[in-house]
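J.: What follows is a single structure, and I will ask about it in a moment.
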Amino acid sequence: MYIKCVSCLIGAKENWPAYAYLCQALSIKHELEKHLIERAEDQNLSGEEVFDAMQEQGIFVLVSSRRISKENLLPLYYTRDQIEKIFGLCKQDGKILPLNVAMEATFRGHLMMTFMVAVILKLMSDWLKKTSLTTASMFMNLHEQHAIIYDNLFITTEPVKKMNEAYKAFKVQCPATIPRRAE
């Protein structure tokens, strides 16, 4: 990864000082170039057009209002990206958008709950990095964990491989039976 920091001005009036980080990811560049060459023939691209397109492959720009060391730039970007994905997950899968917000206190409470869910999902996501699971796939798999109900006992179904992987990641043991308390 090549990174070059350039001072710039941003905003509607271009009056806010900022830093543009020009990045080129070589591994992505090579992969994109390979795909470009594969489709060049199908699209009847000339050699010059292919060469010009190759010059831009794998290049992206990150802009920040503060200077960030090159070593910390990508980890911060990926963390920000994960947080955005978590908020997306919260809004889509968690369905945590407020239906009716009449007072500021209600909105603040909703915002606090959303933030707490985001933090929990981020921590869970970090724990699951060593597995083949994502938070969404884990919940989908664990949703299938059932129990047979008797008068004084729950007997859990045998967890499948993906369920056991989730239990292991969080150091949780699925009990074979759970005593049922009288209501």
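We name chains A, B, ... following the order of the structure tokens; residues begin at 1 in each chain, and ligands are numbered from 1 as shown.
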Apply DSSP to the backbone of this structure and, from segment 42-174 of chain A, keep only the residues in alpha helix (DSSP H); write these as JSON, numbers by chain.

T.: {"A": [47, 48, 49, 50, 51, 52, 53, 54, 70, 71, 72, 73, 74, 75, 76, 77, 78, 79, 80, 81, 82, 83, 84, 85, 86, 87, 88, 89, 90, 91, 92, 104, 105, 106, 107, 108, 109, 110, 111, 112, 113, 114, 115, 116, 117, 118, 119, 120, 121, 122, 123, 124, 125, 126, 127, 135, 136, 137, 138, 139, 140, 141, 142, 161, 162, 163, 164, 165, 166, 167, 168, 169]}

J.: Please report as JSON lines every residue of segment 52-159 of chain A lying within 12 Å of segment 30-44 of chain A, along with the nearest atom pair and their distance in Å (one decimal), using only C-alpha atoms.

T.:
{"residue": "A:Asp52", "atom": "CA", "partner": "A:Leu36", "partner_atom": "CA", "distance": 11.1}
{"residue": "A:Ala53", "atom": "CA", "partner": "A:Leu36", "partner_atom": "CA", "distance": 8.1}
{"residue": "A:Met54", "atom": "CA", "partner": "A:Glu33", "partner_atom": "CA", "distance": 6.0}
{"residue": "A:Gln55", "atom": "CA", "partner": "A:Glu33", "partner_atom": "CA", "distance": 9.3}
{"residue": "A:Glu56", "atom": "CA", "partner": "A:Glu33", "partner_atom": "CA", "distance": 9.6}
{"residue": "A:Gln57", "atom": "CA", "partner": "A:Leu32", "partner_atom": "CA", "distance": 6.2}
{"residue": "A:Gly58", "atom": "CA", "partner": "A:Leu32", "partner_atom": "CA", "distance": 7.1}
{"residue": "A:Ile59", "atom": "CA", "partner": "A:Leu32", "partner_atom": "CA", "distance": 10.6}

J.: Rounded to one decimal in Å, what is the spacing between atom CA of Asn72 of chain A and atom CA of Glu14 of chain A?

T.: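 Atom CA of Glu14 of chain A lies 26.1 Å from atom CA of Asn72 of chain A.
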
J.: If DSSP is run on the backbone, what residues of segment 9-180 of chain A are strand (DSSP E or B)? A reply as a list in words would be ideal.

T.: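 The residues of segment 9-180 of chain A classed as strand (DSSP E or B) are Leu9, Ile10, Trp16, Pro17, Ala18, Tyr19, Ala20, Tyr21, Leu22, Cys23, Gln24, Ile59, Phe60, Val61, Leu62, Val63, Ser64, Ala147, Ile148, Ile149, Leu153, Phe154, Ile155, Thr156, Thr177, Ile178 and Pro179 of chain A.
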
J.: Print the selection's residues with C-alpha atoms to a file, as a PDB file, in the first residue's frame.

T.:
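For reference, out37.pdb as written:
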ATOM      1  CA  LEU A   9      -9.134  22.831   1.325  1.00  0.00           C
ATOM      2  CA  ILE A  10     -12.616  21.326   1.493  1.00  0.00           C
ATOM      3  CA  TRP A  16     -11.746  24.239   5.598  1.00  0.00           C
ATOM      4  CA  PRO A  17      -8.183  22.928   5.847  1.00  0.00           C
ATOM      5  CA  ALA A  18      -7.944  19.160   5.478  1.00  0.00           C
ATOM      6  CA  TYR A  19      -5.639  16.345   4.436  1.00  0.00           C
ATOM      7  CA  ALA A  20      -6.175  14.131   1.418  1.00  0.00           C
ATOM      8  CA  TYR A  21      -4.504  10.746   1.651  1.00  0.00           C
ATOM      9  CA  LEU A  22      -3.837   9.412  -1.841  1.00  0.00           C
ATOM     10  CA  CYS A  23      -3.675   5.639  -1.576  1.00  0.00           C
ATOM     11  CA  GLN A  24      -2.799   2.896  -3.975  1.00  0.00           C
ATOM     12  CA  ILE A  59      -6.301   4.173  -6.309  1.00  0.00           C
ATOM     13  CA  PHE A  60      -8.534   5.798  -3.717  1.00  0.00           C
ATOM     14  CA  VAL A  61      -8.544   8.946  -1.611  1.00  0.00           C
ATOM     15  CA  LEU A  62      -9.360   9.340   2.082  1.00  0.00           C
ATOM     16  CA  VAL A  63      -9.941  12.861   3.415  1.00  0.00           C
ATOM     17  CA  SER A  64      -9.603  13.911   7.044  1.00  0.00           C
ATOM     18  CA  ALA A 147     -35.941 -27.044  23.061  1.00  0.00           C
ATOM     19  CA  ILE A 148     -38.571 -29.685  23.752  1.00  0.00           C
ATOM     20  CA  ILE A 149     -40.772 -28.571  26.624  1.00  0.00           C
ATOM     21  CA  LEU A 153     -37.777 -29.675  32.042  1.00  0.00           C
ATOM     22  CA  PHE A 154     -36.550 -28.168  28.762  1.00  0.00           C
ATOM     23  CA  ILE A 155     -34.417 -30.487  26.635  1.00  0.00           C
ATOM     24  CA  THR A 156     -32.385 -28.562  24.079  1.00  0.00           C
ATOM     25  CA  THR A 177     -31.378 -29.766  29.838  1.00  0.00           C
ATOM     26  CA  ILE A 178     -32.757 -26.739  31.658  1.00  0.00           C
ATOM     27  CA  PRO A 179     -35.015 -27.112  34.722  1.00  0.00           C
TER      28      PRO A 179
END

J.: What is the distance, in Å and to one decimal place, between atom CA of His110 of chain A and atom CA of Asp126 of chain A?

T.: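 Those two atoms sit 24.3 Å apart.
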